[in-house]
file protein_14.cif (mmCIF, C-alpha atoms and all ligand atoms)
data_run
#
loop_
_atom_site.group_PDB
_atom_site.id
_atom_site.type_symbol
_atom_site.label_atom_id
_atom_site.label_comp_id
_atom_site.auth_asym_id
_atom_site.auth_seq_id
_atom_site.Cartn_x
_atom_site.Cartn_y
_atom_site.Cartn_z
ATOM 1 C CA MET A 1 56.467 134.799 147.788
ATOM 2 C CA THR A 2 55.233 132.440 150.462
ATOM 3 C CA THR A 3 52.105 130.408 150.322
ATOM 4 C CA SER A 4 52.365 129.051 153.829
ATOM 5 C CA GLY A 5 53.238 130.283 157.272
ATOM 6 C CA ALA A 6 51.489 132.332 159.916
ATOM 7 C CA ARG A 7 50.676 135.220 157.570
ATOM 8 C CA THR A 8 48.527 133.077 155.359
ATOM 9 C CA ARG A 9 46.223 131.089 157.503
ATOM 10 C CA VAL A 10 43.584 129.523 155.312
ATOM 11 C CA THR A 11 40.904 127.199 156.585
ATOM 12 C CA GLY A 12 40.401 124.988 153.527
ATOM 13 C CA SER A 13 36.741 125.885 153.024
ATOM 14 C CA ALA A 14 34.575 128.924 152.525
ATOM 15 C CA ALA A 15 32.065 127.157 154.791
ATOM 16 C CA ASP A 16 34.006 128.605 157.725
ATOM 17 C CA PHE A 17 33.025 132.120 156.625
ATOM 18 C CA ILE A 18 29.318 131.709 155.928
ATOM 19 C CA PRO A 19 27.520 134.107 158.280
ATOM 20 C CA PRO A 20 24.552 133.075 160.381
ATOM 21 C CA LYS A 21 21.182 133.700 158.711
ATOM 22 C CA PRO A 22 22.728 134.456 155.337
ATOM 23 C CA THR A 23 21.242 136.978 152.968
ATOM 24 C CA LEU A 24 22.941 138.013 149.720
ATOM 25 C CA PRO A 25 24.290 141.272 151.208
ATOM 26 C CA ARG A 26 25.568 139.430 154.300
ATOM 27 C CA LEU A 27 27.206 136.792 152.149
ATOM 28 C CA ARG A 28 28.872 139.399 149.978
ATOM 29 C CA GLU A 29 30.260 141.143 153.031
ATOM 30 C CA ALA A 30 31.526 137.908 154.560
ATOM 31 C CA ALA A 31 33.039 136.721 151.276
ATOM 32 C CA ALA A 32 35.151 139.875 151.164
ATOM 33 C CA GLY A 33 37.118 138.440 154.087
ATOM 34 C CA CYS A 34 37.148 134.813 152.947
ATOM 35 C CA ARG A 35 40.329 132.874 153.638
ATOM 36 C CA GLY A 36 38.973 129.511 152.547
ATOM 37 C CA CYS A 37 41.896 128.943 150.192
ATOM 38 C CA HIS A 38 45.110 130.660 149.153
ATOM 39 C CA LEU A 39 43.677 132.505 146.188
ATOM 40 C CA TRP A 40 42.731 135.562 148.227
ATOM 41 C CA GLU A 41 46.393 136.423 148.788
ATOM 42 C CA HIS A 42 47.392 137.689 145.373
ATOM 43 C CA ALA A 43 44.041 138.814 144.083
ATOM 44 C CA THR A 44 42.809 142.382 144.514
ATOM 45 C CA GLN A 45 39.440 141.517 146.003
ATOM 46 C CA THR A 46 36.658 138.954 146.221
ATOM 47 C CA VAL A 47 34.343 139.173 143.228
ATOM 48 C CA PHE A 48 30.973 138.029 144.499
ATOM 49 C CA GLY A 49 27.914 137.302 142.369
ATOM 50 C CA GLU A 50 25.590 140.108 141.334
ATOM 51 C CA GLY A 51 22.012 140.386 140.264
ATOM 52 C CA PRO A 52 18.478 140.377 141.614
ATOM 53 C CA ARG A 53 17.585 138.054 144.448
ATOM 54 C CA ASN A 54 14.599 136.753 142.487
ATOM 55 C CA ALA A 55 16.466 136.154 139.204
ATOM 56 C CA GLU A 56 15.063 133.298 137.142
ATOM 57 C CA VAL A 57 18.442 132.578 135.598
ATOM 58 C CA MET A 58 21.839 132.254 137.205
ATOM 59 C CA LEU A 59 24.950 132.294 135.051
ATOM 60 C CA VAL A 60 27.986 130.642 136.579
ATOM 61 C CA GLY A 61 31.448 131.318 135.167
ATOM 62 C CA GLU A 62 34.802 129.965 136.281
ATOM 63 C CA GLN A 63 36.528 132.756 138.179
ATOM 64 C CA PRO A 64 36.951 136.508 137.819
ATOM 65 C CA GLY A 65 39.418 137.622 135.157
ATOM 66 C CA ASP A 66 41.884 140.488 135.219
ATOM 67 C CA GLN A 67 39.271 143.229 134.738
ATOM 68 C CA GLU A 68 36.808 141.639 137.133
ATOM 69 C CA ASP A 69 39.535 141.420 139.778
ATOM 70 C CA LEU A 70 40.344 145.107 139.399
ATOM 71 C CA GLN A 71 36.767 146.351 139.206
ATOM 72 C CA GLY A 72 35.205 143.925 141.673
ATOM 73 C CA HIS A 73 32.315 142.860 139.435
ATOM 74 C CA PRO A 74 31.745 139.594 137.546
ATOM 75 C CA PHE A 75 31.935 139.470 133.748
ATOM 76 C CA VAL A 76 32.880 143.065 133.034
ATOM 77 C CA GLY A 77 35.925 142.269 130.840
ATOM 78 C CA PRO A 78 36.133 140.871 127.291
ATOM 79 C CA SER A 79 34.261 137.648 128.178
ATOM 80 C CA GLY A 80 31.558 139.736 129.799
ATOM 81 C CA ARG A 81 31.128 141.820 126.659
ATOM 82 C CA LEU A 82 30.636 138.723 124.546
ATOM 83 C CA LEU A 83 28.249 137.328 127.132
ATOM 84 C CA ASP A 84 26.265 140.583 127.077
ATOM 85 C CA GLU A 85 26.009 140.379 123.287
ATOM 86 C CA GLY A 86 24.817 136.794 123.551
ATOM 87 C CA LEU A 87 22.191 137.707 126.125
ATOM 88 C CA VAL A 88 20.931 140.575 123.979
ATOM 89 C CA ALA A 89 20.781 138.293 120.937
ATOM 90 C CA ALA A 90 18.834 135.712 122.971
ATOM 91 C CA GLY A 91 16.499 138.362 124.357
ATOM 92 C CA ILE A 92 17.562 137.776 127.959
ATOM 93 C CA ASP A 93 17.771 140.979 130.004
ATOM 94 C CA ARG A 94 21.067 140.918 131.937
ATOM 95 C CA ARG A 95 19.525 143.058 134.651
ATOM 96 C CA ARG A 96 17.237 140.124 135.416
ATOM 97 C CA VAL A 97 20.058 137.604 135.540
ATOM 98 C CA TYR A 98 22.217 136.706 138.528
ATOM 99 C CA VAL A 99 25.838 136.369 137.429
ATOM 100 C CA THR A 100 28.488 134.653 139.489
ATOM 101 C CA ASN A 101 31.525 132.374 139.367
ATOM 102 C CA ALA A 102 32.535 128.965 140.707
ATOM 103 C CA VAL A 103 35.601 130.587 142.295
ATOM 104 C CA LYS A 104 35.472 134.107 143.704
ATOM 105 C CA HIS A 105 39.125 135.165 143.506
ATOM 106 C CA PHE A 106 41.241 135.681 140.384
ATOM 107 C CA LYS A 107 43.992 133.080 139.955
ATOM 108 C CA PHE A 108 46.769 134.154 137.640
ATOM 109 C CA VAL A 109 50.414 133.981 136.734
ATOM 110 C CA ARG A 110 52.437 137.077 135.995
ATOM 111 C CA VAL A 111 53.979 137.356 132.570
ATOM 112 C CA GLU A 112 57.654 138.061 133.129
ATOM 113 C CA LEU A 113 58.843 141.608 132.507
ATOM 114 C CA THR A 114 55.316 142.847 131.874
ATOM 115 C CA ARG A 115 52.438 143.916 134.032
ATOM 116 C CA ARG A 116 50.188 141.356 132.412
ATOM 117 C CA ARG A 117 48.458 138.752 134.508
ATOM 118 C CA LEU A 118 47.415 135.564 132.778
ATOM 119 C CA HIS A 119 44.420 133.561 133.928
ATOM 120 C CA LYS A 120 45.311 130.245 135.509
ATOM 121 C CA LYS A 121 42.737 127.486 135.858
ATOM 122 C CA PRO A 122 41.647 126.956 139.457
ATOM 123 C CA SER A 123 42.417 123.532 140.927
ATOM 124 C CA ALA A 124 39.696 121.082 141.948
ATOM 125 C CA GLY A 125 40.608 121.831 145.577
ATOM 126 C CA GLU A 126 40.102 125.573 145.082
ATOM 127 C CA VAL A 127 36.757 125.011 143.371
ATOM 128 C CA ARG A 128 35.729 122.783 146.259
ATOM 129 C CA ALA A 129 36.885 125.277 148.874
ATOM 130 C CA CYS A 130 34.849 128.031 147.233
ATOM 131 C CA HIS A 131 31.736 125.952 146.592
ATOM 132 C CA PRO A 132 29.853 126.968 149.773
ATOM 133 C CA TRP A 133 29.477 130.534 148.429
ATOM 134 C CA LEU A 134 27.912 129.255 145.227
ATOM 135 C CA GLU A 135 25.649 126.883 147.136
ATOM 136 C CA GLU A 136 24.379 129.743 149.281
ATOM 137 C CA GLU A 137 23.827 131.938 146.236
ATOM 138 C CA ILE A 138 21.795 129.200 144.572
ATOM 139 C CA ARG A 139 19.814 128.545 147.755
ATOM 140 C CA LEU A 140 18.924 132.219 148.191
ATOM 141 C CA VAL A 141 18.315 133.180 144.561
ATOM 142 C CA HIS A 142 16.647 129.867 143.781
ATOM 143 C CA PRO A 143 16.830 130.328 139.985
ATOM 144 C CA ARG A 144 14.739 128.207 137.643
ATOM 145 C CA VAL A 145 17.621 127.774 135.259
ATOM 146 C CA ILE A 146 21.346 127.706 135.943
ATOM 147 C CA VAL A 147 23.701 128.165 133.014
ATOM 148 C CA ALA A 148 27.182 126.773 133.531
ATOM 149 C CA LEU A 149 29.691 128.627 131.382
ATOM 150 C CA GLY A 150 32.535 126.231 130.647
ATOM 151 C CA ALA A 151 33.845 123.028 132.178
ATOM 152 C CA THR A 152 34.886 124.405 135.559
ATOM 153 C CA ALA A 153 31.386 125.666 136.372
ATOM 154 C CA ALA A 154 29.715 122.630 134.809
ATOM 155 C CA GLN A 155 31.845 120.178 136.768
ATOM 156 C CA ALA A 156 31.489 122.175 139.971
ATOM 157 C CA LEU A 157 27.722 121.670 139.680
ATOM 158 C CA LEU A 158 27.375 118.384 137.855
ATOM 159 C CA GLY A 159 30.432 116.396 138.844
ATOM 160 C CA PRO A 160 33.906 115.763 137.417
ATOM 161 C CA ARG A 161 32.689 113.368 134.752
ATOM 162 C CA PHE A 162 30.426 115.917 133.113
ATOM 163 C CA ARG A 163 31.561 116.799 129.583
ATOM 164 C CA VAL A 164 30.449 120.136 128.123
ATOM 165 C CA THR A 165 31.445 118.946 124.655
ATOM 166 C CA GLU A 166 28.907 116.106 124.848
ATOM 167 C CA GLN A 167 26.115 117.752 126.792
ATOM 168 C CA ARG A 168 26.148 121.415 125.848
ATOM 169 C CA GLY A 169 22.813 123.086 125.366
ATOM 170 C CA LYS A 170 20.875 120.204 126.909
ATOM 171 C CA VAL A 171 18.672 120.346 129.962
ATOM 172 C CA VAL A 172 20.330 118.505 132.815
ATOM 173 C CA ARG A 173 18.380 117.438 135.871
ATOM 174 C CA SER A 174 20.092 118.052 139.186
ATOM 175 C CA GLU A 175 19.537 119.048 142.766
ATOM 176 C CA TRP A 176 20.340 122.683 141.942
ATOM 177 C CA ALA A 177 17.455 123.934 139.851
ATOM 178 C CA GLU A 178 14.660 122.858 137.535
ATOM 179 C CA ALA A 179 17.233 122.879 134.778
ATOM 180 C CA VAL A 180 20.972 123.232 134.462
ATOM 181 C CA VAL A 181 22.272 123.969 130.976
ATOM 182 C CA ALA A 182 25.991 123.894 130.270
ATOM 183 C CA THR A 183 27.679 125.685 127.422
ATOM 184 C CA VAL A 184 31.198 126.793 126.590
ATOM 185 C CA HIS A 185 32.898 129.633 128.398
ATOM 186 C CA PRO A 186 32.803 132.865 126.371
ATOM 187 C CA SER A 187 36.607 133.047 126.617
ATOM 188 C CA ALA A 188 36.742 129.789 124.620
ATOM 189 C CA VAL A 189 34.927 131.614 121.821
ATOM 190 C CA LEU A 190 37.347 134.547 122.060
ATOM 191 C CA ARG A 191 40.333 132.195 121.984
ATOM 192 C CA ALA A 192 39.073 130.079 119.091
ATOM 193 C CA PRO A 193 41.263 130.269 115.964
ATOM 194 C CA PRO A 194 40.012 133.013 113.612
ATOM 195 C CA GLU A 195 38.580 130.583 111.061
ATOM 196 C CA ALA A 196 36.510 128.824 113.748
ATOM 197 C CA ARG A 197 35.493 131.826 115.816
ATOM 198 C CA GLU A 198 32.317 132.797 114.016
ATOM 199 C CA GLU A 199 30.964 129.271 114.265
ATOM 200 C CA ALA A 200 31.925 129.045 117.963
ATOM 201 C CA ARG A 201 30.159 132.316 118.608
ATOM 202 C CA ARG A 202 27.050 131.193 116.756
ATOM 203 C CA GLU A 203 26.895 127.970 118.762
ATOM 204 C CA PHE A 204 27.389 129.828 122.040
ATOM 205 C CA PHE A 205 24.610 132.252 121.159
ATOM 206 C CA ALA A 206 22.392 129.331 120.105
ATOM 207 C CA ASP A 207 22.836 127.749 123.548
ATOM 208 C CA LEU A 208 21.793 131.024 125.182
ATOM 209 C CA GLY A 209 18.822 131.070 122.819
ATOM 210 C CA ARG A 210 17.825 127.646 124.152
ATOM 211 C CA VAL A 211 17.998 129.018 127.675
ATOM 212 C CA ALA A 212 15.727 131.898 126.666
ATOM 213 C CA ARG A 213 13.182 129.497 125.196
ATOM 214 C CA LEU A 214 13.342 127.392 128.330
ATOM 215 C CA LEU A 215 12.474 130.440 130.388
ATOM 216 C CA GLY A 216 9.538 131.184 128.162
ATOM 217 C CA LYS A 217 7.787 127.949 128.971
ATOM 218 C CA SER A 218 7.422 125.252 131.520
ATOM 219 C CA ILE A 219 10.592 123.194 131.547
ATOM 220 C CA ALA A 220 8.684 119.937 131.834
ATOM 221 C CA ARG A 221 6.808 120.837 128.656
ATOM 222 C CA THR A 222 10.056 121.620 126.855
ATOM 223 C CA GLU A 223 11.467 118.267 127.857
ATOM 224 C CA ARG A 224 8.362 116.486 126.600
ATOM 225 C CA ALA A 225 8.621 118.340 123.320
ATOM 226 C CA GLU A 226 12.262 117.349 122.980
ATOM 227 C CA MET A 227 11.426 113.735 123.721
ATOM 228 C CA THR A 228 8.705 113.779 121.080
ATOM 229 C CA GLU A 229 11.112 115.341 118.631
ATOM 230 C CA ARG A 230 13.667 112.618 119.337
ATOM 231 C CA ALA A 231 11.033 109.903 119.012
ATOM 232 C CA GLU A 232 9.898 111.355 115.689
ATOM 233 C CA ARG A 233 13.459 111.397 114.424
ATOM 234 C CA ILE A 234 13.902 107.751 115.382
ATOM 235 C CA ASN A 235 10.630 106.643 113.740
HETATM 236 N N1 LIG A 301 35.476 134.750 133.240
HETATM 237 C C1 LIG A 301 34.703 134.184 134.189
HETATM 238 O O1 LIG A 301 34.571 132.972 134.273
HETATM 239 N N2 LIG A 301 34.113 134.972 135.052
HETATM 240 C C2 LIG A 301 34.225 136.287 135.035
HETATM 241 O O2 LIG A 301 33.626 136.933 135.875
HETATM 242 C C3 LIG A 301 35.010 136.862 134.013
HETATM 243 C C4 LIG A 301 35.630 136.071 133.128
HETATM 244 FE FE1 LIG A 302 37.481 132.056 149.665
HETATM 245 FE FE2 LIG A 302 36.811 131.289 147.244
HETATM 246 FE FE3 LIG A 302 38.489 133.292 147.554
HETATM 247 FE FE4 LIG A 302 39.293 130.824 148.083
HETATM 248 S S1 LIG A 302 38.686 131.640 146.066
HETATM 249 S S2 LIG A 302 39.631 132.632 149.379
HETATM 250 S S3 LIG A 302 37.426 129.931 148.934
HETATM 251 S S4 LIG A 302 36.360 133.278 148.170
#

call {"tool": "encode", "arguments": {"input": "protein_14.cif", "output": "structure tokens", "more": "lines below"}}
Ligand code: URA
Ligand code: SF4
result
Amino acid sequence: MTTSGARTRVTGSAADFIPPKPTLPRLREAAAGCRGCHLWEHATQTVFGEGPRNAEVMLVGEQPGDQEDLQGHPFVGPSGRLLDEGLVAAGIDRRRVYVTNAVKHFKFVRVELTRRRLHKKPSAGEVRACHPWLEEEIRLVHPRVIVALGATAAQALLGPRFRVTEQRGKVVRSEWAEAVVATVHPSAVLRAPPEAREEARREFFADLGRVARLLGKSIARTERAEMTERAERIN
């Protein structure tokens, strides 16, 4: 297996593949041929974001998993099923949500002597190389709320010092949208030890519930209400 040489020319950034006058369909088509980093080589296909162009919410995961890589759609495997349950519980219609990932190709290691492919965390360089796709998606969809699922997505949007453990469920101000809310990745819930899983799931669903409430009202008003609540607790 080679990762260098003439066969595998990569440019170092997805920016080199952004088409002129981008629209979501044009971006999707261009992303299919992206060679911004090495991850395209071993993956089956680019898994681009999906959802309506006028979605109010954008969910950002880390990277496609095994099922997503095979099927070509984001969040259709086990994490996607848990996410769907969480959205239903929160009363958020997935058909009105734009779902994407910080990295558009599946990074994995093969488990010896099996056909299994194990997820491998993308490097900071790979996240950076792929970022132009996400930026274009955000620019075109222009969601009110962006939900970062897990540390990779949260740090891709909010910087390397952002800590999901400290800030989960809170409204974060940023250049990207009226509100960014970070929570855990659904796979973290699935991987939690059995005795902690129910609690992890409840907390994940509660964060999605906060997102739903945010969508129901003006975000500025929600922030004021939270500030009042904090002030009342202090007094
Ligand atoms: N995990 C992710 O982060 N994204 C997917 O699309 C699937 C699993
Ligand atoms: Fe391009 Fe992103 Fe795939 Fe790398 S992971 S090849 S930057 S689409």

call {"tool": "atom_distance", "arguments": {"input": "protein_14.cif", "atom1": "CA of Asp84 (chain A)", "atom2": "atom S2 of ligand LIG 302 (chain A)"}}
result
27.2 Å

call {"tool": "resolve_selection", "arguments": {"input": "protein_14.cif", "expression": "the PyMOL selection byres (((chain A and resi 100-113) around 7) and not hetatm)", "output": "MDAnalysis selection string"}}
result
chainID A and resid 39:40 43 45:50 59:65 69 74 98:99 114:120 122 127 130:131 134 153 156

call {"tool": "write_last_selection", "arguments": {"input": "protein_14.cif", "atoms": "C-alpha atoms", "output": "CSV table (one decimal), keeping the file's coordinate frame"}}
result
chain,number,residue,atom,x,y,z
A,39,LEU,CA,43.7,132.5,146.2
A,40,TRP,CA,42.7,135.6,148.2
A,43,ALA,CA,44.0,138.8,144.1
A,45,GLN,CA,39.4,141.5,146.0
A,46,THR,CA,36.7,139.0,146.2
A,47,VAL,CA,34.3,139.2,143.2
A,48,PHE,CA,31.0,138.0,144.5
A,49,GLY,CA,27.9,137.3,142.4
A,50,GLU,CA,25.6,140.1,141.3
A,59,LEU,CA,25.0,132.3,135.1
A,60,VAL,CA,28.0,130.6,136.6
A,61,GLY,CA,31.4,131.3,135.2
A,62,GLU,CA,34.8,130.0,136.3
A,63,GLN,CA,36.5,132.8,138.2
A,64,PRO,CA,37.0,136.5,137.8
A,65,GLY,CA,39.4,137.6,135.2
A,69,ASP,CA,39.5,141.4,139.8
A,74,PRO,CA,31.7,139.6,137.5
A,98,TYR,CA,22.2,136.7,138.5
A,99,VAL,CA,25.8,136.4,137.4
A,114,THR,CA,55.3,142.8,131.9
A,115,ARG,CA,52.4,143.9,134.0
A,116,ARG,CA,50.2,141.4,132.4
A,117,ARG,CA,48.5,138.8,134.5
A,118,LEU,CA,47.4,135.6,132.8
A,119,HIS,CA,44.4,133.6,133.9
A,120,LYS,CA,45.3,130.2,135.5
A,122,PRO,CA,41.6,127.0,139.5
A,127,VAL,CA,36.8,125.0,143.4
A,130,CYS,CA,34.8,128.0,147.2
A,131,HIS,CA,31.7,126.0,146.6
A,134,LEU,CA,27.9,129.3,145.2
A,153,ALA,CA,31.4,125.7,136.4
A,156,ALA,CA,31.5,122.2,140.0

call {"tool": "resolve_selection", "arguments": {"input": "protein_14.cif", "expression": "the PyMOL selection byres (((chain A and resi 181) around 10) and not hetatm)", "output": "list in words"}}
result
Leu59, Val145, Ile146, Val147, Ala148, Leu149, Ala154, Val164, Gln167, Arg168, Gly169, Lys170, Val171, Val172, Arg173, Ala179, Val180, Ala182, Thr183, Asp207, Leu208, Arg210, Val211 and Leu214 of chain A

call {"tool": "write_last_selection", "arguments": {"input": "protein_14.cif", "atoms": "C-alpha atoms", "output": "PDB file, in the coordinates of the input"}}
result
ATOM      1  CA  LEU A  59      24.950 132.294 135.051  1.00  0.00           C
ATOM      2  CA  VAL A 145      17.621 127.774 135.259  1.00  0.00           C
ATOM      3  CA  ILE A 146      21.346 127.706 135.943  1.00  0.00           C
ATOM      4  CA  VAL A 147      23.701 128.165 133.014  1.00  0.00           C
ATOM      5  CA  ALA A 148      27.182 126.773 133.531  1.00  0.00           C
ATOM      6  CA  LEU A 149      29.691 128.627 131.382  1.00  0.00           C
ATOM      7  CA  ALA A 154      29.715 122.630 134.809  1.00  0.00           C
ATOM      8  CA  VAL A 164      30.449 120.136 128.123  1.00  0.00           C
ATOM      9  CA  GLN A 167      26.115 117.752 126.792  1.00  0.00           C
ATOM     10  CA  ARG A 168      26.148 121.415 125.848  1.00  0.00           C
ATOM     11  CA  GLY A 169      22.813 123.086 125.366  1.00  0.00           C
ATOM     12  CA  LYS A 170      20.875 120.204 126.909  1.00  0.00           C
ATOM     13  CA  VAL A 171      18.672 120.346 129.962  1.00  0.00           C
ATOM     14  CA  VAL A 172      20.330 118.505 132.815  1.00  0.00           C
ATOM     15  CA  ARG A 173      18.380 117.438 135.871  1.00  0.00           C
ATOM     16  CA  ALA A 179      17.233 122.879 134.778  1.00  0.00           C
ATOM     17  CA  VAL A 180      20.972 123.232 134.462  1.00  0.00           C
ATOM     18  CA  ALA A 182      25.991 123.894 130.270  1.00  0.00           C
ATOM     19  CA  THR A 183      27.679 125.685 127.422  1.00  0.00           C
ATOM     20  CA  ASP A 207      22.836 127.749 123.548  1.00  0.00           C
ATOM     21  CA  LEU A 208      21.793 131.024 125.182  1.00  0.00           C
ATOM     22  CA  ARG A 210      17.825 127.646 124.152  1.00  0.00           C
ATOM     23  CA  VAL A 211      17.998 129.018 127.675  1.00  0.00           C
ATOM     24  CA  LEU A 214      13.342 127.392 128.330  1.00  0.00           C
TER      25      LEU A 214
END

call {"tool": "residues_around", "arguments": {"input": "protein_14.cif", "residues": "Gly209 (chain A)", "least_positions_apart": "4", "cutoff": "7 Å", "atoms": "only C-alpha atoms", "output": "PyMOL selection string"}}
result
chain A and resi 90+205+213

call {"tool": "closest_residue", "arguments": {"input": "protein_14.cif", "among": "A:Arg26, A:Ala31, A:Ser174, A:Gly36", "to": "Leu158 (chain A)", "atoms": "only C-alpha atoms"}}
result
A:Ser174

call {"tool": "atom_distance", "arguments": {"input": "protein_14.cif", "atom1": "CA of Asp16 (chain A)", "atom2": "CA of Glu41 (chain A)"}}
result
17.2 Å

call {"tool": "resolve_selection", "arguments": {"input": "protein_14.cif", "expression": "the PyMOL selection byres (((chain A and resi 12) around 7) and not hetatm)", "output": "JSON list (two decimals) with C-alpha atoms, in the frame of the given file"}}
result
[["chain", "number", "residue", "atom", "x", "y", "z"],
["A", 10, "VAL", "CA", 43.58, 129.52, 155.31],
["A", 11, "THR", "CA", 40.90, 127.20, 156.58],
["A", 13, "SER", "CA", 36.74, 125.88, 153.02],
["A", 36, "GLY", "CA", 38.97, 129.51, 152.55],
["A", 37, "CYS", "CA", 41.90, 128.94, 150.19],
["A", 129, "ALA", "CA", 36.88, 125.28, 148.87]]

call {"tool": "atom_distance", "arguments": {"input": "protein_14.cif", "atom1": "atom FE4 of ligand LIG 302 (chain A)", "atom2": "CA of Glu29 (chain A)"}}
result
14.6 Å

call {"tool": "closest_residue", "arguments": {"input": "protein_14.cif", "among": "A:Gln71, A:Ser187, A:Thr165, A:Thr44", "to": "ligand LIG 302 (chain A)", "atoms": "all atoms listed in the file"}}
result
A:Thr44

call {"tool": "closest_residue", "arguments": {"input": "protein_14.cif", "among": "A:Arg202, A:Arg95, A:His142, A:His73", "to": "ligand LIG 301 (chain A)", "atoms": "all atoms listed in the file"}}
result
A:His73

call {"tool": "closest_residue", "arguments": {"input": "protein_14.cif", "among": "A:Gly72, A:Pro20, A:Pro25, A:Gly125", "to": "ligand LIG 302 (chain A)", "atoms": "all atoms listed in the file"}}
result
A:Gly125

call {"tool": "closest_residue", "arguments": {"input": "protein_14.cif", "among": "A:Met58, A:Leu70, A:Ala124, A:Ala151", "to": "ligand LIG 302 (chain A)", "atoms": "only C-alpha atoms and all ligand atoms"}}
result
A:Ala124

call {"tool": "closest_residue", "arguments": {"input": "protein_14.cif", "among": "A:Val141, A:Ala212, A:Leu157, A:Leu83", "to": "ligand LIG 301 (chain A)", "atoms": "only C-alpha atoms and all ligand atoms"}}
result
A:Leu83

call {"tool": "axis_aligned_box", "arguments": {"input": "protein_14.cif", "around": "region 169-178 of chain A", "padding_each_side": "8 Å", "output": "JSON"}}
result
{"center_x": 18.7, "center_y": 120.7, "center_z": 134.1, "size_x": 24.2, "size_y": 22.5, "size_z": 33.4}
